[in-house]
Every structure is written in C-alpha cells, then in structure tokens.
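Structure file data.txt with compact mmCIF, C-alpha atoms:
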# COMPACT_ATOMS: atom_id res chain seq x y z
CA MET Y 1 5.04 -17.01 -41.74
CA ASN Y 2 7.30 -19.43 -39.92
CA THR Y 3 6.78 -20.39 -36.30
CA ASP Y 4 10.32 -19.38 -35.30
CA ARG Y 5 9.70 -15.80 -36.36
CA LEU Y 6 6.42 -15.66 -34.43
CA THR Y 7 8.10 -17.07 -31.33
CA ARG Y 8 10.88 -14.50 -31.72
CA LEU Y 9 8.35 -11.65 -32.02
CA GLU Y 10 6.62 -12.85 -28.87
CA ASP Y 11 9.89 -13.19 -26.98
CA LEU Y 12 11.11 -9.73 -28.06
CA THR Y 13 7.83 -8.13 -27.00
CA ARG Y 14 7.88 -9.81 -23.58
CA ARG Y 15 11.52 -8.90 -22.97
CA TYR Y 16 10.98 -5.32 -24.08
CA ALA Y 17 7.95 -4.98 -21.79
CA ARG Y 18 10.01 -6.38 -18.90
CA TYR Y 19 13.07 -4.14 -19.37
CA ARG Y 20 11.37 -0.90 -20.49
CA PRO Y 21 9.95 0.41 -17.17
CA CYS Y 22 11.87 2.79 -14.90
CA GLY Y 23 13.47 4.36 -17.98
CA ALA Y 24 15.02 0.97 -18.87
CA GLY Y 25 16.81 1.05 -15.52
CA LEU Y 26 18.21 4.56 -16.01
CA GLY Y 27 15.58 5.94 -13.62
CA VAL Y 28 17.37 4.28 -10.72
CA MET Y 29 20.49 6.28 -11.53
CA TRP Y 30 18.42 9.47 -11.41
CA GLY Y 31 16.92 8.51 -8.05
CA GLY Y 32 20.38 7.58 -6.78
CA ILE Y 33 21.83 10.94 -7.79
CA LEU Y 34 19.01 12.81 -6.04
CA LEU Y 35 19.25 10.79 -2.84
CA ALA Y 36 23.04 11.03 -2.76
CA ALA Y 37 22.83 14.80 -3.32
CA LEU Y 38 20.33 15.21 -0.48
CA ALA Y 39 22.45 12.99 1.80
CA ALA Y 40 25.52 15.05 0.92
CA LEU Y 41 23.69 18.31 1.75
CA PHE Y 42 22.50 16.81 5.03
CA PHE Y 43 25.98 15.59 5.95
CA ALA Y 44 27.59 18.91 4.95
CA TRP Y 45 25.16 20.76 7.20
CA THR Y 46 25.70 18.46 10.21
CA TRP Y 47 29.47 18.52 9.71
CA GLN Y 48 29.44 22.31 9.55
CA ALA Y 49 27.41 22.44 12.77
CA TYR Y 50 29.79 19.95 14.41
CA THR Y 51 32.96 21.85 13.48
CA ALA Y 52 31.39 25.15 14.56
CA GLN Y 53 30.64 23.94 18.12
CA PRO Y 54 33.20 24.78 20.82
CA LEU Y 55 33.52 21.28 22.38
CA SER Y 56 36.16 19.64 20.20
CA ALA Y 57 36.48 16.45 22.31
CA ILE Y 58 32.91 15.28 21.65
CA SER Y 59 32.42 12.85 18.74
CA LEU Y 60 30.19 13.69 15.78
CA TRP Y 61 27.75 10.95 16.73
CA ARG Y 62 27.53 12.12 20.36
CA PHE Y 63 27.14 15.71 19.15
CA LEU Y 64 24.28 14.77 16.84
CA ARG Y 65 22.64 12.68 19.58
CA THR Y 66 22.67 15.50 22.13
CA SER Y 67 22.16 18.70 20.15
CA ASN Y 68 18.84 20.24 19.16
CA LEU Y 69 19.82 20.73 15.55
CA THR Y 70 17.04 21.82 13.21
CA PRO Y 71 17.71 21.82 9.48
CA PRO Y 72 18.10 25.20 7.74
CA ALA Y 73 15.46 26.43 5.29
CA TRP Y 74 17.50 25.49 2.20
CA LEU Y 75 17.77 21.88 3.41
CA VAL Y 76 14.06 21.73 4.26
CA ILE Y 77 13.21 22.98 0.77
CA ALA Y 78 15.62 20.50 -0.83
CA ALA Y 79 14.07 17.62 1.14
CA ALA Y 80 10.51 18.69 0.38
CA VAL Y 81 11.02 18.94 -3.38
CA THR Y 82 13.13 15.76 -3.82
CA PRO Y 83 10.23 13.27 -4.36
CA PHE Y 84 8.54 15.66 -6.79
CA VAL Y 85 11.71 16.25 -8.80
CA ALA Y 86 12.43 12.51 -8.71
CA TRP Y 87 9.04 11.60 -10.20
CA ALA Y 88 9.27 14.35 -12.84
CA GLY Y 89 12.71 13.04 -13.82
CA LEU Y 90 11.53 9.43 -13.93
CA ARG Y 91 8.66 10.42 -16.19
CA GLY Y 92 11.00 12.42 -18.42
CA ILE Y 93 13.48 9.53 -18.76
CA GLN Y 94 10.63 7.11 -19.49
CA ALA Y 95 9.19 9.42 -22.14
CA TRP Y 96 12.66 9.67 -23.73
CA VAL Y 97 12.99 5.86 -23.83
CA ASP Y 98 9.44 5.41 -25.16
CA GLY Y 99 10.01 8.11 -27.77
CA HIS Y 100 12.62 5.88 -29.42
CA PHE Y 101 10.90 2.48 -29.43
CA GLY Y 102 7.37 3.01 -28.10
CA ALA Y 103 5.73 1.89 -24.88
CA VAL Y 104 4.72 -1.68 -24.21
CA GLU Y 105 2.78 -2.64 -21.09
CA SER Y 106 3.55 -6.10 -19.82
CA ASN Y 107 0.80 -8.65 -19.25
CA GLU Y 108 3.03 -10.97 -17.24
CA PRO Y 109 1.57 -11.90 -13.86
CA CYS Y 110 3.35 -10.11 -11.00
CA LYS Y 111 5.36 -12.12 -8.52
CA ALA Y 112 3.16 -10.77 -5.75
CA LEU Y 113 4.02 -13.38 -3.15
CA ILE Y 114 7.76 -12.78 -3.38
CA GLN Y 115 8.01 -9.02 -3.76
CA GLY Y 116 4.76 -7.79 -2.26
CA PRO Y 117 1.78 -6.25 -4.02
CA HIS Y 118 2.26 -3.19 -6.24
CA TRP Y 119 0.73 -0.85 -3.64
CA MET Y 120 3.25 -1.87 -0.96
CA ALA Y 121 5.79 0.92 -1.56
CA PRO Y 122 3.21 3.77 -1.68
CA PHE Y 123 1.53 2.28 1.37
CA LEU Y 124 4.82 2.25 3.31
CA VAL Y 125 5.47 5.90 2.45
CA VAL Y 126 1.97 6.90 3.57
CA LEU Y 127 2.35 4.82 6.74
CA ILE Y 128 5.69 6.41 7.67
CA GLY Y 129 4.32 9.86 6.83
CA THR Y 130 1.26 9.27 9.02
CA LEU Y 131 3.41 8.03 11.90
CA LEU Y 132 5.76 11.03 11.68
CA CYS Y 133 2.83 13.45 11.53
CA GLY Y 134 1.28 11.66 14.51
CA ILE Y 135 4.50 12.00 16.50
CA LEU Y 136 4.80 15.70 15.68
CA ILE Y 137 1.19 16.32 16.71
CA TRP Y 138 1.65 14.19 19.86
CA ASP Y 139 4.74 16.22 20.78
CA GLU Y 140 2.70 19.42 20.36
CA ALA Y 141 5.15 20.57 17.71
CA VAL Y 142 2.50 21.54 15.17
CA ARG Y 143 3.44 25.20 15.34
CA SER Y 144 7.22 24.90 15.57
CA ALA Y 145 7.38 22.21 12.89
CA ALA Y 146 4.48 23.46 10.73
CA VAL Y 147 6.61 23.64 7.57
CA GLY Y 148 7.92 20.11 8.15
CA LEU Y 149 4.41 18.83 8.79
CA ILE Y 150 3.10 20.35 5.56
CA GLY Y 151 6.07 18.89 3.66
CA ILE Y 152 5.45 15.39 5.05
CA LEU Y 153 1.76 15.60 4.16
CA ALA Y 154 2.63 16.78 0.64
CA ILE Y 155 5.08 13.89 0.15
CA ALA Y 156 2.53 11.39 1.52
CA ALA Y 157 -0.16 12.79 -0.78
CA TRP Y 158 2.27 12.62 -3.73
CA THR Y 159 2.26 8.81 -3.43
CA ALA Y 160 -1.25 8.90 -4.93
CA VAL Y 161 0.34 10.23 -8.13
CA TRP Y 162 3.35 7.92 -8.46
CA GLY Y 163 1.57 4.92 -6.93
CA ARG Y 164 -1.05 5.09 -9.66
CA GLY Y 165 1.43 6.22 -12.32
CA SER Y 166 3.55 3.09 -12.32
CA ARG Y 167 2.99 -0.55 -11.41
CA ASP Y 168 6.68 -1.27 -11.88
CA ARG Y 169 8.28 -2.31 -8.59
CA LEU Y 170 11.71 -0.88 -9.36
CA THR Y 171 10.17 2.54 -10.06
CA GLN Y 172 8.12 2.31 -6.88
CA LEU Y 173 11.13 1.31 -4.78
CA VAL Y 174 13.13 4.22 -6.20
CA MET Y 175 10.28 6.54 -5.22
CA LEU Y 176 10.17 4.95 -1.77
CA ALA Y 177 13.91 5.49 -1.34
CA VAL Y 178 13.69 9.17 -2.32
CA SER Y 179 10.51 9.83 -0.28
CA VAL Y 180 11.25 8.38 3.18
CA PRO Y 181 14.54 10.15 4.12
CA PRO Y 182 13.13 13.60 3.19
CA MET Y 183 10.13 12.93 5.46
CA TYR Y 184 12.42 12.17 8.40
CA LEU Y 185 14.43 15.28 7.60
CA LEU Y 186 11.24 17.35 7.57
CA ALA Y 187 10.15 15.81 10.88
CA SER Y 188 13.41 17.01 12.44
CA THR Y 189 12.25 20.62 12.01
CA ASP Y 190 10.81 20.08 15.50
CA ALA Y 191 13.59 21.49 17.73
CA GLU Y 192 12.87 18.96 20.48
CA SER Y 193 13.04 15.92 18.23
CA ARG Y 194 16.84 15.44 18.27
CA MET Y 195 16.64 13.45 15.08
CA ALA Y 196 19.95 14.48 13.48
CA ALA Y 197 21.77 11.26 14.51
CA GLY Y 198 18.79 9.11 13.58
CA ASN Y 199 18.54 10.82 10.22
CA LEU Y 200 22.17 9.98 9.55
CA VAL Y 201 21.28 6.31 10.02
CA ILE Y 202 18.14 6.69 7.86
CA PHE Y 203 20.18 8.19 5.03
CA GLY Y 204 22.76 5.40 5.37
CA ALA Y 205 20.05 2.72 5.23
CA TYR Y 206 18.30 4.22 2.20
CA LEU Y 207 21.58 4.79 0.36
CA THR Y 208 22.27 1.08 0.86
CA LEU Y 209 18.81 0.28 -0.52
CA MET Y 210 19.53 2.58 -3.46
CA ALA Y 211 22.84 0.78 -4.12
CA TRP Y 212 20.92 -2.51 -4.34
CA LEU Y 213 18.38 -0.87 -6.66
CA LEU Y 214 21.24 0.41 -8.81
CA VAL Y 215 22.39 -3.19 -9.33
CA LYS Y 216 18.86 -4.15 -10.38
CA GLY Y 217 18.64 -1.07 -12.59
CA GLY Y 218 21.97 -1.95 -14.20
CA ARG Y 219 20.74 -5.45 -14.99
CA ARG Y 220 17.58 -4.04 -16.49
CA PHE Y 221 19.53 -1.54 -18.57
CA PHE Y 222 21.79 -4.23 -20.05
CA GLY Y 223 18.74 -6.42 -20.72
CA PHE Y 224 17.16 -3.48 -22.51
CA LEU Y 225 20.31 -2.90 -24.59
CA ALA Y 226 20.17 -6.55 -25.72
CA VAL Y 227 16.52 -6.16 -26.78
CA ARG Y 228 17.38 -2.92 -28.53
CA ARG Y 229 20.14 -4.70 -30.44
CA ASP Y 230 17.70 -7.46 -31.47
CA LEU Y 231 15.13 -4.88 -32.57
CA ALA Y 232 17.71 -3.06 -34.67
CA ALA Y 233 18.56 -6.35 -36.41
CA ILE Y 234 14.98 -6.85 -37.66
CA HIS Y 235 14.72 -6.39 -41.40
CA PRO Y 236 11.72 -4.78 -43.09
CA ALA Y 237 9.05 -7.38 -43.78
CA ASP Y 238 7.95 -8.23 -47.31
CA GLU Y 239 4.79 -6.39 -48.20
CA MET X 1 -2.93 -35.08 -40.05
CA ASN X 2 -6.36 -33.61 -40.69
CA PRO X 3 -8.67 -36.01 -42.56
CA ASP X 4 -9.62 -33.28 -45.07
CA PRO X 5 -6.68 -30.88 -45.41
CA LEU X 6 -8.28 -28.83 -48.18
CA LYS X 7 -11.34 -28.09 -46.08
CA ALA X 8 -9.14 -27.29 -43.11
CA ILE X 9 -7.15 -24.81 -45.22
CA LEU X 10 -10.37 -23.22 -46.47
CA ASP X 11 -11.62 -22.99 -42.89
CA LEU X 12 -8.61 -20.97 -41.77
CA ASP X 13 -9.48 -17.48 -40.52
CA ARG X 14 -8.23 -15.29 -43.38
CA MET X 15 -8.14 -12.28 -41.08
CA VAL X 16 -5.49 -14.00 -38.95
CA HIS X 17 -3.75 -15.99 -41.69
CA GLU X 18 -2.36 -12.95 -43.51
CA PRO X 19 1.34 -12.68 -42.39
CA ALA X 20 1.31 -8.99 -41.39
CA ARG X 21 -1.87 -9.36 -39.33
CA LEU X 22 -0.60 -12.59 -37.79
CA ALA X 23 2.58 -10.78 -36.72
CA ILE X 24 0.54 -7.91 -35.22
CA LEU X 25 -1.74 -10.26 -33.29
CA THR X 26 1.24 -12.31 -32.06
CA VAL X 27 2.97 -9.20 -30.69
CA LEU X 28 -0.24 -7.91 -29.10
CA SER X 29 -0.91 -11.29 -27.48
CA ALA X 30 2.45 -11.05 -25.67
CA ALA X 31 1.63 -7.75 -23.95
CA GLU X 32 -1.22 -5.84 -22.41
CA GLU X 33 -0.85 -2.76 -24.59
CA VAL X 34 1.58 -1.94 -27.39
CA GLU X 35 2.34 1.39 -29.03
CA PHE X 36 2.32 1.85 -32.79
CA LEU X 37 6.03 2.74 -32.84
CA PHE X 38 7.04 -0.55 -31.21
CA LEU X 39 4.81 -2.50 -33.60
CA VAL X 40 6.57 -0.85 -36.54
CA LYS X 41 10.00 -1.71 -35.14
CA VAL X 42 9.26 -5.28 -34.11
CA THR X 43 7.24 -6.39 -37.13
CA GLY X 44 9.36 -4.58 -39.70
CA LEU X 45 6.20 -3.40 -41.46
CA SER X 46 5.93 0.05 -42.99
CA LYS X 47 3.80 2.57 -41.09
CA GLY X 48 1.23 2.67 -43.90
CA ASN X 49 0.84 -1.09 -44.12
CA LEU X 50 0.68 -1.41 -40.36
CA SER X 51 -2.09 1.20 -40.18
CA VAL X 52 -4.13 -0.55 -42.85
CA GLN X 53 -3.75 -3.99 -41.25
CA ALA X 54 -4.51 -2.63 -37.77
CA GLN X 55 -7.68 -0.99 -39.10
CA LYS X 56 -8.78 -4.30 -40.60
CA LEU X 57 -8.14 -6.09 -37.30
CA GLU X 58 -10.05 -3.39 -35.45
CA ALA X 59 -12.98 -3.68 -37.86
CA ALA X 60 -13.01 -7.45 -37.23
CA GLY X 61 -13.12 -6.80 -33.49
CA TYR X 62 -9.73 -8.45 -32.86
CA VAL X 63 -7.92 -5.30 -31.76
CA GLU X 64 -8.77 -2.17 -29.78
CA THR X 65 -7.15 1.16 -30.51
CA ARG X 66 -6.44 3.93 -28.01
CA LYS X 67 -5.24 7.38 -28.97
CA ALA X 68 -3.44 9.65 -26.51
CA PHE X 69 -0.75 12.33 -26.37
CA ARG X 70 2.79 12.12 -25.01
CA GLY X 71 3.51 15.80 -24.52
CA ARG X 72 2.42 17.17 -27.88
CA VAL X 73 3.08 13.97 -29.79
CA PRO X 74 0.03 11.86 -30.65
CA VAL X 75 0.48 8.23 -29.65
CA THR X 76 -1.63 5.28 -30.82
CA SER X 77 -1.72 2.11 -28.75
CA PHE X 78 -3.26 -1.25 -29.48
CA ARG X 79 -4.47 -4.11 -27.39
CA ILE X 80 -5.81 -7.49 -28.41
CA THR X 81 -9.45 -8.20 -27.54
CA PRO X 82 -10.67 -11.49 -26.03
CA GLN X 83 -12.17 -12.21 -29.46
CA GLY X 84 -8.75 -11.62 -31.06
CA LYS X 85 -7.06 -13.91 -28.55
CA ALA X 86 -9.58 -16.65 -29.22
CA ALA X 87 -9.13 -16.26 -32.99
CA LEU X 88 -5.33 -16.44 -32.69
CA LEU X 89 -5.54 -19.50 -30.46
CA ALA X 90 -7.97 -21.22 -32.85
CA TYR X 91 -5.69 -20.39 -35.77
CA HIS X 92 -2.66 -21.95 -34.03
CA GLU X 93 -4.67 -25.08 -33.27
CA GLN X 94 -5.84 -25.33 -36.87
CA MET X 95 -2.28 -24.93 -38.14
CA ARG X 96 -0.98 -27.54 -35.69
CA ALA X 97 -3.59 -29.97 -36.93
CA LEU X 98 -2.70 -29.23 -40.54
CA LEU X 99 1.07 -29.51 -40.30
CA PRO X 100 2.59 -33.00 -40.23
CA ARG X 101 4.12 -33.92 -36.89
CA THR X 102 7.88 -34.35 -36.97
Output the file's structure in the form of structure tokens.
Amino acid sequence: MNTDRLTRLEDLTRRYARYRPCGAGLGVMWGGILLAALAALFFAWTWQAYTAQPLSAISLWRFLRTSNLTPPAWLVIAAAVTPFVAWAGLRGIQAWVDGHFGAVESNEPCKALIQGPHWMAPFLVVLIGTLLCGILIWDEAVRSAAVGLIGILAIAAWTAVWGRGSRDRLTQLVMLAVSVPPMYLLASTDAESRMAAGNLVIFGAYLTLMAWLLVKGGRRFFGFLAVRRDLAAIHPADE
Amino acid sequence: MNPDPLKAILDLDRMVHEPARLAILTVLSAAEEVEFLFLVKVTGLSKGNLSVQAQKLEAAGYVETRKAFRGRVPVTSFRITPQGKAALLAYHEQMRALLPRT
C-alpha cells in the first residue's frame, strides 16, 4: 500500500472528524431558527403591548423600561421548551448525518487556551441561571415568579445533559445561545422585575452571537461537503 | 538502507503489513473512535472483508470494538489500542528503514 494513500486516509479521517459535529454545521441553522422564532414571539408580544397602551407619544424603549410587563403563558412555555427542543433537534440532525457516513470522534487536542475549556458554555448557563434564581429569591418573587423559577432551574439542569453529550464547542455555543435568553425571559415573570427592555437587548446580543455562529457553521458545512465529495471518490479496494 | 533487508522484511509485523489491516489501523490512528460505516466508506473495503480484518486486529489486541444502538440501528465502533498504536509506529519505522532514501 503506498504512503500517499495512507496519508490521504489519515487526512480524510481527521477532516471528517473535525467537520462532522453539530450536524456538520447544520445544527447552527436549527439553533438560529429557534432563537429567531423566540425573539420574534417576544418582539410581537412587546409590540402588541406597546400599541395597545393609550400613551402614543412614549417611545417603545421608554415604554418597555417603565412598564411592569410580564410575559403571557404561551411565551413562557415557548421560552421554557426552547433549549430542550434545540438539543433534541441537534441530536436528530447529528444522527441523520452519522446515518449516512458514520460517526468519527476526533482525537485532536482542543485549543483550550484560545476558546476556553469544553465545560465553559454549560458553566456559563448554570452561572446565569443561578444568578437569576438568586435575584428572584432575593426580590421575594418566589411565589409570583414560581413558574419562571422552575423553568430556569430546568434549563440550568438541562446543561448536565448537553454539556456531557457533546464536547464540540460549536454545539455548546449554540446551546448557550438558545438557553440564556429564555432564562431571562422566564425571570421576567416577576412583575416587579421590569426586564422587558433588558430582554430586548439580551435577544439582540444573542442573535448577534448566533449570526457569528452561523458563519462558523457555514464554514463547517462546506468543509464537510468537500470531505463528502472526497469520500464519494474513493474506489473499492482490491480484495 | 538496512544491513540485512531480507531479515528486516521477515521481521515485519504481518498483522499490520496486510493492506486492508494497515488501512484500518491508519484510519483508527487518526481518530479517537470510528464507526464501522465510516471505515467501509473511507477504506473502500467490503463490509464482509472489513469485519474479518477487524476481528483479526481485535484478536491481536490492536483494536477495541464497542457495540451500541443509534435508535434501533446497531452501530459498531472501533478504536485503536495503545498496543495497536505501538505496532503501527514500529511498522512505519521498519518500512522507513527498508525503503531507500530519495
């Protein structure tokens, strides 16, 4: 067997292992759709509340800053289920990709110093969840925001599943981006929190993060397509 | 060049030297764990031949096999053992010593 072929096999395996996770980049699109949908629901609700109020001279931002808006039940449910649906979708897309070419786990050392260790994203979600729960308890809003509190705890606990389920940073960042805004939305179930304006900013920030992830996902997807093309060009070996 | 090429050829690890097994070990050395389906695609071997060669490598202690389910579909994964890595490395060194330098 010639050395070139062995080098090619090695290279193909490494590239495939690098581009395969997060549904070969397609998982980012799924996360982006979910986050955009939740942001759209949130904005539709705030806009509806803004247009329904009698003071027409006040700006949307000022209105959101001053009003005690609490999200309706349908929005709370949508926020609470988003991380769970996101992970189920990511797993489904990954299974679909692996069903065609098989799974390969990379043995390349992680660039820990540049991008942070693989537990960073789950840790951040748990940290934000803990802080939000702490604020709600501190504000004595345990009863009024009980549903929100339970939702935040559920999302924080869910990190144990996706944090252990994937070491891929892109997957973890997608999960981070679809987990944090829902937690803030759930925290705003406390009527005294006045978080509607802040949540608008949170959604804006995480949609920007998701746009950056989409670029990375796109690169991964095209890298995967190139590997797929190379795999398809392999001829059956002599036996 | 090796002083005694014939002896060096005879000393080659036959378990690694066989082309199909060499391809399998090379792929496994480039990843932590590889599924059977990917091995079929990347090596171009038939499923039957791949199974036979993988069993031989497993019997030699060069490869570990793990069986699991994806949904209802059974999935077999392989990973190279430290012994397998050492054998592959030794084989490459032997071949390098055998082949004339260009």
Exercise for the section: Check the smallest atom-to-atom distance from each of X:Val63, X:Ala54, X:Ile9, X:Phe69 to chain Y using all atoms listed in the file, then report the winner. Expected result: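 Once distances to chain Y are computed over all atoms listed in the file, the minimum belongs to X:Phe69.
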Once you count all atoms listed in the file, what closest atom pair and distance in Å to one decimal does each residue of chain X within 10 Å of chain Y have, with rows by chain and rising residue number, as JSON lines?
{"residue": "X:His17", "atom": "CA", "partner": "Y:Met1", "partner_atom": "CA", "distance": 8.8}
{"residue": "X:Glu18", "atom": "CA", "partner": "Y:Met1", "partner_atom": "CA", "distance": 8.6}
{"residue": "X:Pro19", "atom": "CA", "partner": "Y:Met1", "partner_atom": "CA", "distance": 5.7}
{"residue": "X:Ala20", "atom": "CA", "partner": "Y:Glu239", "partner_atom": "CA", "distance": 8.1}
{"residue": "X:Leu22", "atom": "CA", "partner": "Y:Met1", "partner_atom": "CA", "distance": 8.2}
{"residue": "X:Ala23", "atom": "CA", "partner": "Y:Leu6", "partner_atom": "CA", "distance": 6.6}
{"residue": "X:Ile24", "atom": "CA", "partner": "Y:Leu9", "partner_atom": "CA", "distance": 9.2}
{"residue": "X:Leu25", "atom": "CA", "partner": "Y:Glu10", "partner_atom": "CA", "distance": 9.8}
{"residue": "X:Thr26", "atom": "CA", "partner": "Y:Glu10", "partner_atom": "CA", "distance": 6.3}
{"residue": "X:Val27", "atom": "CA", "partner": "Y:Glu10", "partner_atom": "CA", "distance": 5.5}
{"residue": "X:Leu28", "atom": "CA", "partner": "Y:Thr13", "partner_atom": "CA", "distance": 8.3}
{"residue": "X:Ser29", "atom": "CA", "partner": "Y:Glu10", "partner_atom": "CA", "distance": 7.8}
{"residue": "X:Ala30", "atom": "CA", "partner": "Y:Glu10", "partner_atom": "CA", "distance": 5.6}
{"residue": "X:Ala31", "atom": "CA", "partner": "Y:Ser106", "partner_atom": "CA", "distance": 4.8}
{"residue": "X:Glu32", "atom": "CA", "partner": "Y:Asn107", "partner_atom": "CA", "distance": 4.7}
{"residue": "X:Glu33", "atom": "CA", "partner": "Y:Glu105", "partner_atom": "CA", "distance": 5.0}
{"residue": "X:Val34", "atom": "CA", "partner": "Y:Val104", "partner_atom": "CA", "distance": 4.5}
{"residue": "X:Glu35", "atom": "CA", "partner": "Y:Gly102", "partner_atom": "CA", "distance": 5.4}
{"residue": "X:Phe36", "atom": "CA", "partner": "Y:Gly102", "partner_atom": "CA", "distance": 7.0}
{"residue": "X:Leu37", "atom": "CA", "partner": "Y:Gly102", "partner_atom": "CA", "distance": 4.9}
{"residue": "X:Phe38", "atom": "CA", "partner": "Y:Gly102", "partner_atom": "CA", "distance": 4.7}
{"residue": "X:Leu39", "atom": "CA", "partner": "Y:Gly102", "partner_atom": "CA", "distance": 8.2}
{"residue": "X:Val40", "atom": "CA", "partner": "Y:Phe101", "partner_atom": "CA", "distance": 9.0}
{"residue": "X:Lys41", "atom": "CA", "partner": "Y:Leu231", "partner_atom": "CA", "distance": 6.6}
{"residue": "X:Val42", "atom": "CA", "partner": "Y:Leu231", "partner_atom": "CA", "distance": 6.1}
{"residue": "X:Thr43", "atom": "CA", "partner": "Y:Ala237", "partner_atom": "CA", "distance": 7.0}
{"residue": "X:Gly44", "atom": "CA", "partner": "Y:Pro236", "partner_atom": "CA", "distance": 4.1}
{"residue": "X:Leu45", "atom": "CA", "partner": "Y:Ala237", "partner_atom": "CA", "distance": 5.4}
{"residue": "X:Ser46", "atom": "CA", "partner": "Y:Pro236", "partner_atom": "CA", "distance": 7.5}
{"residue": "X:Asn49", "atom": "CA", "partner": "Y:Glu239", "partner_atom": "CA", "distance": 7.8}
{"residue": "X:Arg70", "atom": "CA", "partner": "Y:Ala95", "partner_atom": "CA", "distance": 7.5}
{"residue": "X:Gly71", "atom": "CA", "partner": "Y:Ala95", "partner_atom": "CA", "distance": 8.9}
{"residue": "X:Val73", "atom": "CA", "partner": "Y:Gly99", "partner_atom": "CA", "distance": 9.3}
{"residue": "X:Val75", "atom": "CA", "partner": "Y:Gly102", "partner_atom": "CA", "distance": 8.8}
{"residue": "X:Thr76", "atom": "CA", "partner": "Y:Gly102", "partner_atom": "CA", "distance": 9.7}
{"residue": "X:Ser77", "atom": "CA", "partner": "Y:Ala103", "partner_atom": "CA", "distance": 8.4}
{"residue": "X:Phe78", "atom": "CA", "partner": "Y:Val104", "partner_atom": "CA", "distance": 9.6}
{"residue": "X:Arg79", "atom": "CA", "partner": "Y:Glu105", "partner_atom": "CA", "distance": 9.7}
{"residue": "X:His92", "atom": "CA", "partner": "Y:Thr3", "partner_atom": "CA", "distance": 9.8}
Take every atom of stretch 61-65 of chain X listed in the file, pad by 6 Å on each side, and give me the axis-aligned box centre and edge lengths in Å, one decimal, as JSON.
{"center_x": -10.1, "center_y": -3.6, "center_z": -31.6, "size_x": 18.0, "size_y": 21.6, "size_z": 15.7}
Exercise for the section: Compile the contact shell of Y:Ala49 as a ChimeraX atom specification: residues with an atom at most 10 Å away, counting all atoms listed in the file, same-chain residues fewer than 3 positions apart removed. Expected result: /Y:43-46,52-53,60,63-64,67,69
Problem - Within 12 Å of X:Arg14 using only C-alpha atoms, minus same-chain residues under 6 positions, as a VMD selection string - result: chain X and resid 20 to 22 56 to 57 60 87 to 88 91
Problem - Spatial neighbours of Y:Phe42, max dist 10 Å, all atoms listed in the file, sep filter under 5 positions, as an MDAnalysis selection string - result: chainID Y and resid 36:37 47:48 71:72 75:76 78:79 185 196 199:200 203
Practice task
Rank Y:Phe222, Y:Trp212, Y:Phe123, Y:Tyr19 by their smallest atom-to-atom distance to Y:Val180, using only C-alpha atoms, and report the top residue only.
Solution key: Y:Phe123
Fill in the blank from the handout: As a check of understanding: the span from atom CA of Y:Val201 to atom CA of Y:Arg143 is 26.5 Å
Completion exercise
Shortest contact to Y:Val161, candidates Y:Ala191, Y:Leu207, Y:Ala226, Y:Ala88, atoms counted all atoms listed in the file, goes to Y:Ala88
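What separates atom CA of Y:Thr208 from atom CA of Y:Val126 is a distance of 21.3 Å.
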Handout entry: Surrounding residues of Y:Gly89 excluding itself and chain neighbours under 5 positions, 12 Å, all atoms listed in the file, as a list of chain:residue names
Key = Y:Cys22, Y:Gly23, Y:Leu26, Y:Gly27, Y:Val28, Y:Met29, Y:Trp30, Y:Gly31, Y:Gly32, Y:Ile33, Y:Leu34, Y:Thr82, Y:Pro83, Y:Phe84, Y:Gln94, Y:Ala95, Y:Trp96, Y:Trp162, Y:Thr171, Y:Val174, Y:Met175
Problem - Selected residue, from Y:Gly218, Y:Leu186, Y:Ala146, Y:Leu173, that lies nearest to Y:Tyr206 when counting only C-alpha atoms - result: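 Comparing Y:Gly218, Y:Leu186, Y:Ala146, Y:Leu173 against Y:Tyr206, the winner is Y:Leu173.
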